[in-house]
Each structure stands twice: as structure tokens, then as C-alpha cells.
file structure36.txt (compact mmCIF, C-alpha atoms)
# COMPACT_ATOMS: atom_id res chain seq x y z
CA MET A 1 69.59 9.01 261.72
CA LYS A 2 69.49 12.11 259.50
CA SER A 3 72.03 12.22 256.71
CA ILE A 4 72.55 14.21 253.53
CA GLY A 5 73.92 13.36 250.14
CA MET A 6 74.99 15.65 247.36
CA ILE A 7 76.29 15.27 243.84
CA GLU A 8 77.83 18.14 241.92
CA PHE A 9 77.82 17.89 238.11
CA ASN A 10 79.51 19.83 235.34
CA SER A 11 76.48 19.26 233.08
CA ILE A 12 73.00 20.59 233.74
CA PRO A 13 71.11 17.92 231.72
CA ALA A 14 73.15 15.12 233.32
CA GLY A 15 72.50 16.58 236.77
CA ILE A 16 68.76 16.79 236.22
CA GLU A 17 68.65 13.22 234.91
CA ALA A 18 70.71 11.93 237.83
CA GLY A 19 68.55 13.87 240.31
CA ASP A 20 65.47 12.12 238.96
CA ALA A 21 67.16 8.73 239.34
CA MET A 22 68.22 9.60 242.89
CA LEU A 23 64.70 10.50 243.96
CA LYS A 24 63.18 7.40 242.33
CA SER A 25 65.70 4.97 243.84
CA ALA A 26 65.14 5.54 247.56
CA ASP A 27 62.94 7.19 250.17
CA VAL A 28 64.79 10.52 250.34
CA LYS A 29 63.76 14.17 250.47
CA LEU A 30 65.00 16.72 247.96
CA LEU A 31 66.61 19.66 249.77
CA GLY A 32 67.75 21.39 246.60
CA ALA A 33 68.43 20.89 242.91
CA TYR A 34 69.72 23.88 241.01
CA THR A 35 72.31 25.41 238.76
CA ALA A 36 75.44 27.07 240.07
CA CYS A 37 78.06 29.16 238.34
CA ALA A 38 80.30 27.79 235.65
CA GLY A 39 77.57 25.50 234.32
CA LYS A 40 77.35 23.30 237.41
CA TYR A 41 74.24 21.54 238.70
CA ILE A 42 73.81 20.16 242.21
CA VAL A 43 71.36 17.77 243.77
CA LEU A 44 71.12 17.78 247.58
CA ILE A 45 69.02 15.17 249.40
CA SER A 46 68.36 14.00 252.96
CA GLY A 47 67.02 10.89 254.61
CA ASN A 48 68.24 7.86 256.50
CA VAL A 49 71.81 6.77 255.80
CA ASP A 50 70.95 3.73 253.69
CA GLY A 51 68.45 5.64 251.57
CA VAL A 52 70.88 8.50 250.95
CA LYS A 53 73.70 6.10 250.04
CA THR A 54 71.41 4.26 247.61
CA ALA A 55 70.21 7.49 246.02
CA VAL A 56 73.72 8.93 245.61
CA GLU A 57 74.93 5.67 244.08
CA SER A 58 72.01 5.73 241.64
CA GLY A 59 72.83 9.29 240.63
CA ARG A 60 76.49 8.40 240.20
CA ASN A 61 75.58 5.43 237.98
CA VAL A 62 73.39 7.53 235.69
CA SER A 63 75.83 10.41 235.11
CA GLU A 64 79.28 9.24 236.28
CA ALA A 65 81.14 11.01 233.47
CA PHE A 66 79.81 14.43 234.55
CA ILE A 67 80.47 14.28 238.30
CA ILE A 68 82.75 16.87 239.88
CA ASP A 69 82.29 15.74 243.48
CA SER A 70 79.85 13.84 245.67
CA ILE A 71 79.33 13.28 249.37
CA VAL A 72 77.27 11.31 251.84
CA ILE A 73 77.35 12.64 255.40
CA PRO A 74 75.72 10.40 258.00
CA ASN A 75 74.56 12.12 261.18
CA ILE A 76 74.68 15.61 259.67
CA GLU A 77 74.67 18.53 262.08
CA GLU A 78 71.33 20.35 261.76
CA GLU A 79 73.21 23.67 261.77
CA VAL A 80 74.75 22.76 258.38
CA ILE A 81 71.34 22.55 256.75
CA SER A 82 70.35 25.91 258.30
CA ALA A 83 73.57 27.53 257.05
CA ILE A 84 72.98 26.25 253.50
CA SER A 85 69.57 27.93 253.65
CA CYS A 86 71.08 31.14 255.13
CA CYS A 87 68.89 30.73 258.21
CA SER A 88 71.58 30.77 260.87
CA ASP A 89 71.14 32.68 264.10
CA VAL A 90 74.44 34.13 265.26
CA SER A 91 74.13 36.72 268.01
CA SER A 92 77.68 37.84 268.82
CA ILE A 93 80.88 37.52 266.83
CA GLU A 94 84.33 37.43 268.40
CA ALA A 95 86.12 36.01 265.35
CA ILE A 96 85.20 35.00 261.81
CA GLY A 97 86.57 32.07 259.86
CA VAL A 98 86.25 31.80 256.09
CA ILE A 99 86.89 28.62 254.12
CA GLU A 100 86.79 28.85 250.32
CA THR A 101 86.48 25.63 248.31
CA PHE A 102 86.68 24.69 244.65
CA SER A 103 83.63 22.42 244.84
CA LEU A 104 80.21 22.84 246.35
CA ALA A 105 80.14 19.37 247.91
CA SER A 106 83.46 19.94 249.69
CA ALA A 107 82.05 23.10 251.31
CA VAL A 108 79.18 21.14 252.85
CA TYR A 109 81.55 18.42 254.05
CA CYS A 110 84.00 20.96 255.52
CA ALA A 111 81.18 22.86 257.27
CA ASP A 112 79.95 19.67 258.94
CA GLU A 113 83.48 18.85 260.09
CA ALA A 114 84.03 22.39 261.41
CA VAL A 115 80.86 22.44 263.50
CA LYS A 116 81.61 18.96 264.90
CA ALA A 117 85.25 19.85 265.70
CA ALA A 118 84.81 23.05 267.71
CA ASP A 119 82.33 25.23 269.55
CA ILE A 120 81.54 27.51 266.61
CA ARG A 121 78.42 28.74 264.84
CA LEU A 122 77.96 28.54 261.10
CA ILE A 123 76.90 31.87 259.62
CA GLU A 124 76.47 30.73 256.02
CA ILE A 125 77.44 28.11 253.47
CA ARG A 126 77.34 29.78 250.06
CA LEU A 127 77.13 27.15 247.33
CA GLY A 128 78.50 28.38 244.02
CA ARG A 129 75.93 30.96 242.96
CA GLY A 130 77.71 34.03 241.65
CA LEU A 131 81.10 32.62 242.67
CA GLY A 132 82.54 31.15 239.47
CA GLY A 133 81.91 27.62 240.70
CA LYS A 134 83.54 28.08 244.09
CA SER A 135 81.84 27.96 247.48
CA PHE A 136 82.61 29.37 250.89
CA ILE A 137 81.77 28.86 254.55
CA LEU A 138 81.48 31.65 257.11
CA LEU A 139 81.72 30.65 260.76
CA SER A 140 82.12 32.41 264.08
CA GLY A 141 83.23 31.75 267.62
CA THR A 142 86.19 32.47 269.84
CA VAL A 143 89.51 32.91 268.06
CA SER A 144 90.79 29.55 269.31
CA ALA A 145 87.57 27.73 268.37
CA VAL A 146 87.55 29.30 264.89
CA ASN A 147 91.23 28.36 264.42
CA HIS A 148 90.51 24.77 265.45
CA ALA A 149 87.37 24.48 263.29
CA VAL A 150 89.11 25.84 260.19
CA ALA A 151 92.16 23.59 260.71
CA SER A 152 89.93 20.53 261.18
CA ALA A 153 87.84 21.29 258.10
CA VAL A 154 90.87 21.96 255.93
CA GLY A 155 92.55 18.82 257.23
CA ILE A 156 89.85 16.51 255.92
CA TYR A 157 90.05 17.87 252.36
CA SER A 158 93.72 18.91 252.07
CA ASP A 159 94.66 15.81 250.05
CA GLU A 160 91.73 16.32 247.66
CA GLY A 161 92.94 19.74 246.48
CA MET A 162 89.47 21.25 247.00
CA ILE A 163 90.46 23.98 249.48
CA ALA A 164 91.10 27.28 247.71
CA ASN A 165 91.92 29.55 250.65
CA THR A 166 91.11 30.30 254.29
CA SER A 167 91.13 33.32 256.55
CA ILE A 168 90.61 33.92 260.26
CA ILE A 169 89.65 37.40 261.37
CA PRO A 170 89.83 38.15 265.10
CA SER A 171 87.68 41.06 266.32
CA PRO A 172 86.13 41.90 262.94
CA HIS A 173 84.97 45.46 262.37
CA GLN A 174 81.24 45.98 263.02
CA ASP A 175 80.66 47.21 259.46
CA LEU A 176 82.08 43.93 258.13
CA ILE A 177 79.87 41.91 260.47
CA THR A 178 76.83 43.88 259.28
CA ALA A 179 77.75 43.26 255.64
CA LEU A 180 78.19 39.52 256.21
CA MET A 181 74.99 39.06 258.18
call {"tool": "encode", "arguments": {"input": "structure36.txt", "output": "C-alpha cells"}}
result
Amino acid sequence: MKSIGMIEFNSIPAGIEAGDAMLKSADVKLLGAYTACAGKYIVLISGNVDGVKTAVESGRNVSEAFIIDSIVIPNIEEEVISAISCCSDVSSIEAIGVIETFSLASAVYCADEAVKAADIRLIEIRLGRGLGGKSFILLSGTVSAVNHAVASAVGIYSDEGMIANTSIIPSPHQDLITALM
């Protein structure tokens, strides 16, 4: 079973140290480790569920005081990984949904929930680079599917206070679609 884990830190040295501990503690693959705006550092890994849980716990133990957010998502949708890498293939767009989050980890979690909840396609998951520490998800589908996906994603994180804003745009202008793609 493919899963991902991610820890978001408010300290670059602590994030690098925790990333090293994560990779040494379990048989996981590094998907990304990099800085994001506002002095954040993220470590994103994949592997089997037990390995990812072990690695995330190791990272948390090393740098607990510097953690902003962390996630483990078992059975991750492959489309989420493609959208993080900006490698999505979306052919036609009837409606666009946008979910803006305060943490990078919550964006990944919300994207996975959205794609599991409705028949939508992820366009992109932008993780904090050039965004003042925020992240956003772009998704497309029918208006009703986009509405349902956004509502489902927001619903899982509404109590955490990590959702900044959302928007649903039916029949977006072609120039906007071109700019987003």
C-alpha cells in the first residue's frame, strides 16, 4: 500500500535534521525536502504505511518544537503526487475549485480528500513557494463535483483552522484557464 508522510517545520536546520532521521529510521523514499516561504522547511516521503508512520514519528521526535503540521496519508491517490509535481493532465475544464490553506501539509491532505470524494481532476497543489507560507489546490470537474470536492476537503480541516479561503468558478474564462495551466 502506497502512503505518504510529510512534516512542515518553522526552522530550516530542524527540518533538515528531522529529514535525516526520517530517512534513516525506515525504508521510505524521499519525494521532496526543501524550503518554502516564511522560513519553512518540508520533508515529504513515501513508502508502505508502517514505514511512513515510523519515519514521521522519528522526525517528530527529533524536532517536535519546530513542527507546524504533519500528516500520514495511507493509500494516497496517485493523482495527488502528480499534482504536487505539477504533472497533471487535465484536458477540459467546466469548473475550477481553489482551496487555500495556511499550512503545506493541510493542502496535501485536503487534495487527497477532494480527489477521493468526487469525480474531479487535480490541476496543481502549490506548496508554499512564493506564497508567504500558504498553499493552494486547483481542481477541476463539473460544477457539482467541484462543489462536493471542495466541501469535503474543507470539512476535514475546518476544526484545525488551516483553511484560509475557497472559491468555485463555473465556466472559467479561457484566458484564466490558459494562465492556470
call {"tool": "closest_residue", "arguments": {"input": "structure36.txt", "among": "A:Ile45, A:Ile125, A:Ile4, A:Leu139", "to": "Ile177 of chain A", "atoms": "only C-alpha atoms"}}
result
A:Leu139
call {"tool": "closest_residue", "arguments": {"input": "structure36.txt", "among": "A:Pro172, A:Phe102, A:Glu57, A:Phe9", "to": "Gly128 of chain A", "atoms": "all atoms listed in the file"}}
result
A:Phe102
call {"tool": "closest_atom_pairs", "arguments": {"input": "structure36.txt", "of": "segment 63-154 of chain A", "to": "segment 16-19 of chain A", "cutoff": "12 Å", "atoms": "only C-alpha atoms", "output": "Markdown table"}}
result
| residue | atom | partner | partner_atom | distance |
| --- | --- | --- | --- | --- |
| A:Ser63 | CA | A:Ala18 | CA | 6.0 |
| A:Glu64 | CA | A:Ala18 | CA | 9.1 |
| A:Ala65 | CA | A:Ala18 | CA | 11.3 |
| A:Phe66 | CA | A:Ala18 | CA | 10.0 |
| A:Ile67 | CA | A:Ala18 | CA | 10.0 |
call {"tool": "closest_residue", "arguments": {"input": "structure36.txt", "among": "A:Ala179, A:Ala164, A:Arg129, A:Ile7", "to": "Ala105 of chain A", "atoms": "only C-alpha atoms"}}
result
A:Ile7
call {"tool": "closest_atom_pairs", "arguments": {"input": "structure36.txt", "of": "segment 115-168 of chain A", "to": "segment 24-43 of chain A", "cutoff": "9 Å", "atoms": "all atoms listed in the file", "output": "JSON lines"}}
result
{"residue": "A:Leu127", "atom": "CA", "partner": "A:Ala36", "partner_atom": "CA", "distance": 7.5}
{"residue": "A:Gly128", "atom": "CA", "partner": "A:Ala36", "partner_atom": "CA", "distance": 5.2}
{"residue": "A:Arg129", "atom": "CA", "partner": "A:Ala36", "partner_atom": "CA", "distance": 4.9}
{"residue": "A:Gly130", "atom": "CA", "partner": "A:Cys37", "partner_atom": "CA", "distance": 5.9}
{"residue": "A:Leu131", "atom": "CA", "partner": "A:Cys37", "partner_atom": "CA", "distance": 6.3}
{"residue": "A:Gly132", "atom": "CA", "partner": "A:Cys37", "partner_atom": "CA", "distance": 5.0}
{"residue": "A:Gly133", "atom": "CA", "partner": "A:Cys37", "partner_atom": "CA", "distance": 4.8}
{"residue": "A:Lys134", "atom": "CA", "partner": "A:Cys37", "partner_atom": "CA", "distance": 8.0}
call {"tool": "write_last_selection", "arguments": {"input": "structure36.txt", "atoms": "C-alpha atoms", "output": "PDB file, keeping the file's coordinate frame"}}
result
ATOM      1  CA  LEU A 127      77.130  27.150 247.330  1.00  0.00           C
ATOM      2  CA  GLY A 128      78.500  28.380 244.020  1.00  0.00           C
ATOM      3  CA  ARG A 129      75.930  30.960 242.960  1.00  0.00           C
ATOM      4  CA  GLY A 130      77.710  34.030 241.650  1.00  0.00           C
ATOM      5  CA  LEU A 131      81.100  32.620 242.670  1.00  0.00           C
ATOM      6  CA  GLY A 132      82.540  31.150 239.470  1.00  0.00           C
ATOM      7  CA  GLY A 133      81.910  27.620 240.700  1.00  0.00           C
ATOM      8  CA  LYS A 134      83.540  28.080 244.090  1.00  0.00           C
TER       9      LYS A 134
END
call {"tool": "closest_residue", "arguments": {"input": "structure36.txt", "among": "A:Asp119, A:Glu77, A:Glu124, A:Asp175", "to": "Glu100 of chain A", "atoms": "only C-alpha atoms"}}
result
A:Glu124
call {"tool": "atom_distance", "arguments": {"input": "structure36.txt", "atom1": "atom CA of Ile93 of chain A", "atom2": "atom CA of Thr142 of chain A"}}
result
7.9 Å
call {"tool": "atom_distance", "arguments": {"input": "structure36.txt", "atom1": "atom CA of Val108 of chain A", "atom2": "atom CA of Val80 of chain A"}}
result
7.3 Å
call {"tool": "atom_distance", "arguments": {"input": "structure36.txt", "atom1": "atom CA of Ile99 of chain A", "atom2": "atom CA of Lys2 of chain A"}}
result
24.6 Å
call {"tool": "closest_residue", "arguments": {"input": "structure36.txt", "among": "A:Ser140, A:Ser91, A:Asn75, A:Ser152", "to": "Val49 of chain A", "atoms": "only C-alpha atoms"}}
result
A:Asn75
call {"tool": "closest_residue", "arguments": {"input": "structure36.txt", "among": "A:Val98, A:Ile120, A:Asn61, A:Ser103", "to": "Leu138 of chain A", "atoms": "all atoms listed in the file"}}
result
A:Val98
call {"tool": "residues_around", "arguments": {"input": "structure36.txt", "residues": "Gly141 of chain A", "least_positions_apart": "2", "cutoff": "7 Å", "atoms": "all atoms listed in the file", "output": "MDAnalysis selection string"}}
result
chainID A and resid 93:96 119:121 143 145:146
